[in-house]
Amino acid sequence: MNHVTLRQLHVFEAVARNLSFTRAADELHLTQPTVSIQIKQLTDIVGLPLLEQIGKRVFLTDLGQELLVLCRDTFEGLSQFEMLISDRKGMKTGKLRLTVVTTAKYFIPRLLGSFYKRYPGIEVSLNVTNREMILHRLENNEDDLYILGQPPQHIDVHADYFMENPLVVLAPYDHPLAREKNIPLSRLAEEPFLMREPGSGTRLALERFFNEQGLALKIRMELGSSEAIKPAVAGGLGIAVLSAHTLALERNSQEIAILDVSGFPIRRQWHAVYPAAKRLSVVGSVFLDFLKQESRSEANRYLVGIPGFLPVGEN
């Protein structure tokens with residue numbers, strides 16, 4: 001293994017993670033023959049197969065799985081060492097790998113803008129995806145930090161709360177309930193709901209809330225994103241429950257109303273999550289500290305006036 005190069009390990013990690021020579025080549029900006037040559041050279045050094053290709057599908061051997069873990073540990077260690085060098089020199093440089101649940105896309109870019117101004121030397125890789133994919137990446141320790149509304153129960157993680165995430169009820173602006181106050185939850189249960197896909201954090205919170213009250217949800221339609229749900233609500237297809245953060249750019253909309261429902265908003269929080277056994281990188285720690293210090297005051301600025309959001313310092 002003394003003859004193995006970091007380049008070969010980088011190529012192998014990309015192929016093993018994507019289970020595709022083509023996607024790995026695109027990601028690394030290499031030609032597919034170059035990727036194949038690097039993998040062959042690495043396999044020749046090891047002396048045993050690391051990958052199996054059956055038809056067009058690529059599979060990891062048991063030895064390949066072990067090497068993938070070693071690659072990730074190695075790259076993580078090098079990244080931390082690079083940040084330590086920069087820190088000793090009085091600089092903040094390096095790369096932050098951040099994966100966030102789709103609803104977080106409404107506020108994370110705002111925070112990253114402020115973060116870049118403070119730490120212009122840090123390069124951020126931002127991946128926005130659904131909860132299921134985030135949990136998959138979390139289990140494989142593919143990123144520095146993960147932003148979730150609800151930390152997973154089946155994975156041993158460290159979770160830091162950093163900001164409120166109130167869930168509010170949306171209806172068409174001319175809906176009969178839009179003019180009522182303190183609407184009973186039993187009345188709301190009579191309305192058809194537009195829902196996110198099964199497994200989404202918002203849907204899990206809503207289903208749990210209704211179950212606790214002994215009420216059932218009337219689901220009319222499932223949609224894959226908050227951006228799809230909002231125009232569907234405006235079009236009169238049903239009502240929905242979404243994070244108040246999704247309304248930051250539409251606070252003056254004349255198409256959607258926030259209903260005054262008993263028990264709402266549902267109080268939730270945003271969390272920064274990483275595996276419990278993981279040693280957080282220096283740049284990851286820098287960003288986590290930034291979230292704790294700046295996120296709530298930033299939210300005060302862009303969520304002011306949205307029902308259900310309590311500014312910092314209020315209960």
# chains A, B, ... in the order shown; residues from 1 in each chain; ligands from 1
>>> closest_atom_pairs(of="region 146-218 of chain A", to="region 137-140 of chain A", cutoff="10 Å", atoms="only C-alpha atoms", output="Markdown table")
| residue | atom | partner | partner_atom | distance |
| --- | --- | --- | --- | --- |
| A:Tyr146 | CA | A:Leu138 | CA | 7.4 |
| A:Pro152 | CA | A:Leu138 | CA | 9.8 |
| A:Ile155 | CA | A:Glu139 | CA | 7.3 |
| A:Asp156 | CA | A:Glu139 | CA | 9.2 |
| A:Val157 | CA | A:Leu138 | CA | 8.9 |
>>> write_last_selection(atoms="N, CA, C and O atoms", output="PDB file, in the first residue's frame")
ATOM      1  N   TYR A 146     -25.197  18.635   8.868  1.00  0.00           N
ATOM      2  CA  TYR A 146     -26.497  18.412   8.240  1.00  0.00           C
ATOM      3  C   TYR A 146     -27.511  19.272   8.964  1.00  0.00           C
ATOM      4  O   TYR A 146     -27.530  19.314  10.200  1.00  0.00           O
ATOM      5  N   PRO A 152     -32.661  12.482  13.632  1.00  0.00           N
ATOM      6  CA  PRO A 152     -33.101  11.084  13.527  1.00  0.00           C
ATOM      7  C   PRO A 152     -33.030  10.379  14.875  1.00  0.00           C
ATOM      8  O   PRO A 152     -32.177  10.686  15.712  1.00  0.00           O
ATOM      9  N   ILE A 155     -30.258   6.908  14.492  1.00  0.00           N
ATOM     10  CA  ILE A 155     -28.827   7.119  14.257  1.00  0.00           C
ATOM     11  C   ILE A 155     -28.270   7.879  15.453  1.00  0.00           C
ATOM     12  O   ILE A 155     -28.871   8.847  15.916  1.00  0.00           O
ATOM     13  N   ASP A 156     -27.113   7.447  15.940  1.00  0.00           N
ATOM     14  CA  ASP A 156     -26.479   8.116  17.083  1.00  0.00           C
ATOM     15  C   ASP A 156     -25.818   9.404  16.591  1.00  0.00           C
ATOM     16  O   ASP A 156     -24.801   9.358  15.883  1.00  0.00           O
ATOM     17  N   VAL A 157     -26.423  10.543  16.928  1.00  0.00           N
ATOM     18  CA  VAL A 157     -25.935  11.821  16.414  1.00  0.00           C
ATOM     19  C   VAL A 157     -25.773  12.836  17.531  1.00  0.00           C
ATOM     20  O   VAL A 157     -26.327  12.690  18.618  1.00  0.00           O
TER      21      VAL A 157
END
>>> select_by_dssp(residues="region 157-248 of chain A", states="helix (DSSP H, G or I)", output="PyMOL selection string")
chain A and resi 176-179+185-188+201-212+226-234+244-247
>>> closest_atom_pairs(of="region 28-102 of chain A", to="region 263-286 of chain A", cutoff="9 Å", atoms="only C-alpha atoms", output="JSON lines")
{"residue": "A:Glu76", "atom": "CA", "partner": "A:Ser281", "partner_atom": "CA", "distance": 7.8}
{"residue": "A:Gly77", "atom": "CA", "partner": "A:Ser281", "partner_atom": "CA", "distance": 8.6}
{"residue": "A:Ser79", "atom": "CA", "partner": "A:Ser281", "partner_atom": "CA", "distance": 7.4}
{"residue": "A:Gln80", "atom": "CA", "partner": "A:Ser281", "partner_atom": "CA", "distance": 5.2}
{"residue": "A:Phe81", "atom": "CA", "partner": "A:Val282", "partner_atom": "CA", "distance": 8.8}
{"residue": "A:Met83", "atom": "CA", "partner": "A:Val282", "partner_atom": "CA", "distance": 5.9}
{"residue": "A:Leu84", "atom": "CA", "partner": "A:Val282", "partner_atom": "CA", "distance": 7.0}
{"residue": "A:Asp87", "atom": "CA", "partner": "A:Val282", "partner_atom": "CA", "distance": 8.4}
{"residue": "A:Lys92", "atom": "CA", "partner": "A:Val283", "partner_atom": "CA", "distance": 7.7}
{"residue": "A:Thr93", "atom": "CA", "partner": "A:Val283", "partner_atom": "CA", "distance": 7.8}
{"residue": "A:Gly94", "atom": "CA", "partner": "A:Val283", "partner_atom": "CA", "distance": 6.7}
{"residue": "A:Lys95", "atom": "CA", "partner": "A:Val283", "partner_atom": "CA", "distance": 7.0}
{"residue": "A:Leu96", "atom": "CA", "partner": "A:Val283", "partner_atom": "CA", "distance": 6.2}
{"residue": "A:Arg97", "atom": "CA", "partner": "A:Gly284", "partner_atom": "CA", "distance": 8.2}
{"residue": "A:Leu98", "atom": "CA", "partner": "A:Gly284", "partner_atom": "CA", "distance": 8.9}
>>> residues_around(residues="Ser295 (chain A)", least_positions_apart="3", cutoff="9 Å", atoms="only C-alpha atoms", output="JSON list (two decimals) with all heavy atoms, in the first residue's frame")
[["chain", "number", "residue", "atom", "x", "y", "z"],
["A", 107, "PHE", "N", -33.56, 29.71, 4.17],
["A", 107, "PHE", "CA", -32.79, 30.60, 5.04],
["A", 107, "PHE", "C", -31.29, 30.34, 5.02],
["A", 107, "PHE", "O", -30.51, 31.26, 5.29],
["A", 107, "PHE", "CB", -33.30, 30.50, 6.49],
["A", 107, "PHE", "CG", -33.10, 29.17, 7.15],
["A", 107, "PHE", "CD1", -31.90, 28.87, 7.79],
["A", 107, "PHE", "CD2", -34.10, 28.21, 7.14],
["A", 107, "PHE", "CE1", -31.71, 27.64, 8.42],
["A", 107, "PHE", "CE2", -33.91, 26.98, 7.75],
["A", 107, "PHE", "CZ", -32.71, 26.71, 8.39],
["A", 111, "LEU", "N", -27.92, 33.01, 5.39],
["A", 111, "LEU", "CA", -26.89, 32.90, 6.41],
["A", 111, "LEU", "C", -25.51, 32.72, 5.79],
["A", 111, "LEU", "O", -24.52, 33.26, 6.29],
["A", 111, "LEU", "CB", -27.21, 31.73, 7.35],
["A", 111, "LEU", "CG", -28.42, 31.93, 8.27],
["A", 111, "LEU", "CD1", -28.81, 30.63, 8.93],
["A", 111, "LEU", "CD2", -28.11, 32.99, 9.32],
["A", 162, "PHE", "N", -30.41, 25.61, 16.90],
["A", 162, "PHE", "CA", -29.91, 26.97, 16.66],
["A", 162, "PHE", "C", -31.00, 27.97, 16.27],
["A", 162, "PHE", "O", -30.75, 29.18, 16.31],
["A", 162, "PHE", "CB", -28.81, 26.97, 15.59],
["A", 162, "PHE", "CG", -29.25, 26.54, 14.21],
["A", 162, "PHE", "CD1", -29.72, 27.47, 13.29],
["A", 162, "PHE", "CD2", -29.17, 25.22, 13.82],
["A", 162, "PHE", "CE1", -30.11, 27.09, 12.02],
["A", 162, "PHE", "CE2", -29.56, 24.81, 12.55],
["A", 162, "PHE", "CZ", -30.03, 25.75, 11.64],
["A", 163, "MET", "N", -32.23, 27.52, 15.90],
["A", 163, "MET", "CA", -33.24, 28.50, 15.50],
["A", 163, "MET", "C", -34.63, 27.88, 15.53],
["A", 163, "MET", "O", -34.78, 26.68, 15.34],
["A", 163, "MET", "CB", -32.92, 29.01, 14.08],
["A", 163, "MET", "CG", -33.82, 30.15, 13.61],
["A", 163, "MET", "SD", -33.20, 30.96, 12.10],
["A", 163, "MET", "CE", -33.21, 29.59, 10.95],
["A", 290, "PHE", "N", -21.13, 30.04, 14.26],
["A", 290, "PHE", "CA", -21.78, 31.13, 13.54],
["A", 290, "PHE", "C", -23.30, 30.95, 13.56],
["A", 290, "PHE", "O", -24.04, 31.92, 13.80],
["A", 290, "PHE", "CB", -21.27, 31.16, 12.09],
["A", 290, "PHE", "CG", -21.97, 32.17, 11.23],
["A", 290, "PHE", "CD1", -21.58, 33.49, 11.21],
["A", 290, "PHE", "CD2", -23.04, 31.79, 10.42],
["A", 290, "PHE", "CE1", -22.22, 34.42, 10.41],
["A", 290, "PHE", "CE2", -23.69, 32.70, 9.62],
["A", 290, "PHE", "CZ", -23.29, 34.03, 9.62],
["A", 291, "LEU", "N", -23.79, 29.73, 13.32],
["A", 291, "LEU", "CA", -25.23, 29.46, 13.35],
["A", 291, "LEU", "C", -25.82, 29.83, 14.71],
["A", 291, "LEU", "O", -26.87, 30.47, 14.79],
["A", 291, "LEU", "CB", -25.50, 27.99, 13.06],
["A", 291, "LEU", "CG", -25.41, 27.50, 11.62],
["A", 291, "LEU", "CD1", -25.71, 26.01, 11.56],
["A", 291, "LEU", "CD2", -26.37, 28.26, 10.71],
["A", 292, "LYS", "N", -25.15, 29.41, 15.77],
["A", 292, "LYS", "CA", -25.67, 29.67, 17.11],
["A", 292, "LYS", "C", -25.71, 31.16, 17.44],
["A", 292, "LYS", "O", -26.61, 31.63, 18.14],
["A", 292, "LYS", "CB", -24.82, 28.93, 18.14],
["A", 292, "LYS", "CG", -24.92, 27.40, 18.07],
["A", 292, "LYS", "CD", -23.97, 26.77, 19.08],
["A", 292, "LYS", "CE", -24.04, 25.26, 19.05],
["A", 292, "LYS", "NZ", -23.08, 24.64, 19.99],
["A", 298, "GLU", "N", -30.78, 36.93, 12.45],
["A", 298, "GLU", "CA", -31.03, 37.01, 11.01],
["A", 298, "GLU", "C", -32.49, 36.69, 10.71],
["A", 298, "GLU", "O", -33.15, 37.35, 9.90],
["A", 298, "GLU", "CB", -30.11, 36.03, 10.28],
["A", 298, "GLU", "CG", -30.24, 36.03, 8.77],
["A", 298, "GLU", "CD", -29.55, 37.22, 8.11],
["A", 298, "GLU", "OE1", -28.86, 37.98, 8.82],
["A", 298, "GLU", "OE2", -29.72, 37.39, 6.89],
["A", 299, "ALA", "N", -33.03, 35.66, 11.39],
["A", 299, "ALA", "CA", -34.43, 35.30, 11.19],
["A", 299, "ALA", "C", -35.36, 36.41, 11.65],
["A", 299, "ALA", "O", -36.40, 36.66, 11.04],
["A", 299, "ALA", "CB", -34.74, 34.00, 11.94],
["A", 300, "ASN", "N", -34.99, 37.10, 12.73],
["A", 300, "ASN", "CA", -35.79, 38.25, 13.19],
["A", 300, "ASN", "C", -35.99, 39.26, 12.07],
["A", 300, "ASN", "O", -37.06, 39.86, 11.92],
["A", 300, "ASN", "CB", -35.09, 38.94, 14.36],
["A", 300, "ASN", "CG", -35.38, 38.26, 15.68],
["A", 300, "ASN", "OD1", -36.09, 37.28, 15.73],
["A", 300, "ASN", "ND2", -34.78, 38.76, 16.74]]
>>> atom_distance(atom1="CA of Leu28 (chain A)", atom2="CA of Phe115 (chain A)")
26.8 Å
>>> closest_atom_pairs(of="region 104-144 of chain A", to="region 189-205 of chain A", cutoff="8 Å", atoms="only C-alpha atoms", output="tab-separated table")
residue	atom	partner	partner_atom	distance
A:Asn130	CA	A:Ser200	CA	7.2
A:Arg131	CA	A:Ser200	CA	5.9
A:Glu132	CA	A:Gly199	CA	7.0
>>> residues_around(residues="Phe21 (chain A)", least_positions_apart="2", cutoff="8 Å", atoms="only C-alpha atoms", output="list of chain:residue names")
A:Val15, A:Asn18, A:Leu19, A:Arg23, A:Ala24, A:Ala25, A:Gln32, A:Val35, A:Ser36
>>> write_last_selection(atoms="C-alpha atoms", output="PDB file, in the first residue's frame")
ATOM      1  CA  VAL A  15     -16.520   5.698  -7.929  1.00  0.00           C
ATOM      2  CA  ASN A  18     -21.501   7.056  -6.876  1.00  0.00           C
ATOM      3  CA  LEU A  19     -21.288   3.373  -7.860  1.00  0.00           C
ATOM      4  CA  ARG A  23     -20.645   9.981 -12.582  1.00  0.00           C
ATOM      5  CA  ALA A  24     -17.260   9.813 -10.836  1.00  0.00           C
ATOM      6  CA  ALA A  25     -15.529  11.047 -14.010  1.00  0.00           C
ATOM      7  CA  GLN A  32     -13.865   7.835 -18.017  1.00  0.00           C
ATOM      8  CA  VAL A  35     -10.861   6.899 -14.037  1.00  0.00           C
ATOM      9  CA  SER A  36     -10.742   3.266 -15.195  1.00  0.00           C
TER      10      SER A  36
END
>>> residues_around(residues="region 9-14 of chain A", least_positions_apart="4", cutoff="12 Å", atoms="only C-alpha atoms", output="VMD selection string")
chain A and resid 1 3 to 5 18 to 43 45 to 46 50 to 51 60 64 to 75 142
>>> closest_residue(among="A:Gly238, A:Thr102, A:Phe59, A:His175", to="Glu222 (chain A)", atoms="only C-alpha atoms")
A:Gly238
>>> residues_around(residues="Ser262 (chain A)", least_positions_apart="3", cutoff="6 Å", atoms="only C-alpha atoms", output="PyMOL selection string")
chain A and resi 182-184
>>> atom_distance(atom1="CA of Leu259 (chain A)", atom2="CA of Leu215 (chain A)")
18.4 Å
>>> decode(residues="region 171-185 of chain A", atoms="all heavy atoms", output="tab-separated table (two decimals), in the first residue's frame")
chain	number	residue	atom	x	y	z
A	171	ALA	N	-53.90	28.68	3.78
A	171	ALA	CA	-55.14	28.49	3.03
A	171	ALA	C	-55.21	29.54	1.93
A	171	ALA	O	-54.48	30.54	1.98
A	171	ALA	CB	-56.35	28.61	3.95
A	172	PRO	N	-56.07	29.34	0.93
A	172	PRO	CA	-56.27	30.41	-0.06
A	172	PRO	C	-56.70	31.70	0.63
A	172	PRO	O	-57.39	31.67	1.65
A	172	PRO	CB	-57.38	29.86	-0.97
A	172	PRO	CG	-57.32	28.38	-0.79
A	172	PRO	CD	-56.89	28.15	0.62
A	173	TYR	N	-56.32	32.83	0.08
A	173	TYR	CA	-56.59	34.12	0.70
A	173	TYR	C	-58.08	34.35	0.93
A	173	TYR	O	-58.48	35.00	1.90
A	173	TYR	CB	-56.01	35.25	-0.17
A	173	TYR	CG	-55.89	36.56	0.55
A	173	TYR	CD1	-54.83	36.77	1.43
A	173	TYR	CD2	-56.82	37.57	0.36
A	173	TYR	CE1	-54.70	37.98	2.10
A	173	TYR	CE2	-56.69	38.78	1.02
A	173	TYR	CZ	-55.63	38.98	1.90
A	173	TYR	OH	-55.50	40.17	2.56
A	174	ASP	N	-58.94	33.79	0.03
A	174	ASP	CA	-60.39	33.99	0.16
A	174	ASP	C	-61.09	32.81	0.81
A	174	ASP	O	-62.31	32.68	0.72
A	174	ASP	CB	-61.00	34.26	-1.22
A	174	ASP	CG	-60.73	33.12	-2.21
A	174	ASP	OD1	-59.98	32.17	-1.84
A	174	ASP	OD2	-61.24	33.18	-3.35
A	175	HIS	N	-60.34	31.94	1.49
A	175	HIS	CA	-60.94	30.79	2.17
A	175	HIS	C	-61.85	31.26	3.30
A	175	HIS	O	-61.53	32.24	4.00
A	175	HIS	CB	-59.83	29.89	2.73
A	175	HIS	CG	-60.30	28.54	3.16
A	175	HIS	ND1	-60.97	28.31	4.33
A	175	HIS	CD2	-60.18	27.32	2.55
A	175	HIS	CE1	-61.24	27.02	4.45
A	175	HIS	NE2	-60.78	26.40	3.38
A	176	PRO	N	-63.00	30.61	3.53
A	176	PRO	CA	-63.92	31.04	4.61
A	176	PRO	C	-63.26	31.10	5.98
A	176	PRO	O	-63.63	31.94	6.81
A	176	PRO	CB	-65.02	29.97	4.57
A	176	PRO	CG	-65.00	29.46	3.17
A	176	PRO	CD	-63.57	29.51	2.72
A	177	LEU	N	-62.27	30.23	6.25
A	177	LEU	CA	-61.62	30.23	7.55
A	177	LEU	C	-60.61	31.35	7.72
A	177	LEU	O	-60.14	31.61	8.83
A	177	LEU	CB	-60.92	28.88	7.79
A	177	LEU	CG	-61.82	27.65	7.91
A	177	LEU	CD1	-60.98	26.39	8.12
A	177	LEU	CD2	-62.82	27.81	9.07
A	178	ALA	N	-60.27	32.02	6.63
A	178	ALA	CA	-59.23	33.06	6.68
A	178	ALA	C	-59.63	34.23	7.57
A	178	ALA	O	-58.77	34.96	8.06
A	178	ALA	CB	-58.91	33.55	5.27
A	179	ARG	N	-60.93	34.41	7.79
A	179	ARG	CA	-61.40	35.54	8.60
A	179	ARG	C	-61.76	35.14	10.03
A	179	ARG	O	-62.18	35.97	10.82
A	179	ARG	CB	-62.62	36.18	7.92
A	179	ARG	CG	-62.29	36.85	6.58
A	179	ARG	CD	-63.52	37.39	5.88
A	179	ARG	NE	-64.42	36.31	5.45
A	179	ARG	CZ	-64.26	35.64	4.31
A	179	ARG	NH1	-63.23	35.91	3.52
A	179	ARG	NH2	-65.10	34.68	3.95
A	180	GLU	N	-61.62	33.86	10.35
A	180	GLU	CA	-61.99	33.38	11.69
A	180	GLU	C	-60.77	33.40	12.62
A	180	GLU	O	-59.63	33.36	12.18
A	180	GLU	CB	-62.57	31.97	11.60
A	180	GLU	CG	-63.88	31.90	10.82
A	180	GLU	CD	-64.55	30.54	10.94
A	180	GLU	OE1	-64.19	29.80	11.88
A	180	GLU	OE2	-65.41	30.23	10.11
A	181	LYS	N	-61.09	33.43	13.94
A	181	LYS	CA	-60.05	33.44	14.95
A	181	LYS	C	-60.15	32.18	15.81
A	181	LYS	O	-61.23	31.67	16.06
A	181	LYS	CB	-60.17	34.68	15.86
A	181	LYS	CG	-60.04	36.01	15.10
A	181	LYS	CD	-58.64	36.17	14.54
A	181	LYS	CE	-58.47	37.52	13.86
A	181	LYS	NZ	-57.13	37.69	13.25
A	182	ASN	N	-58.98	31.71	16.26
A	182	ASN	CA	-58.91	30.56	17.17
A	182	ASN	C	-59.73	29.37	16.63
A	182	ASN	O	-60.58	28.81	17.33
A	182	ASN	CB	-59.40	30.95	18.57
A	182	ASN	CG	-58.89	30.00	19.63
A	182	ASN	OD1	-57.83	29.39	19.47
A	182	ASN	ND2	-59.64	29.87	20.72
A	183	ILE	N	-59.49	29.00	15.43
A	183	ILE	CA	-60.22	27.91	14.77
A	183	ILE	C	-59.93	26.59	15.49
A	183	ILE	O	-58.76	26.25	15.71
A	183	ILE	CB	-59.79	27.79	13.29
A	183	ILE	CG1	-60.03	29.12	12.57
A	183	ILE	CG2	-60.51	26.65	12.59
A	183	ILE	CD1	-59.30	29.24	11.25
A	184	PRO	N	-60.96	25.84	15.88
A	184	PRO	CA	-60.72	24.55	16.55
A	184	PRO	C	-60.01	23.58	15.61
A	184	PRO	O	-60.27	23.56	14.40
A	184	PRO	CB	-62.13	24.05	16.89
A	184	PRO	CG	-63.01	25.25	16.80
A	184	PRO	CD	-62.40	26.14	15.76
A	185	LEU	N	-59.15	22.76	16.17
A	185	LEU	CA	-58.42	21.79	15.35
A	185	LEU	C	-59.38	20.80	14.71
A	185	LEU	O	-59.16	20.33	13.59
A	185	LEU	CB	-57.39	21.05	16.21
A	185	LEU	CG	-56.33	20.25	15.45
A	185	LEU	CD1	-55.50	21.15	14.56
A	185	LEU	CD2	-55.43	19.48	16.42
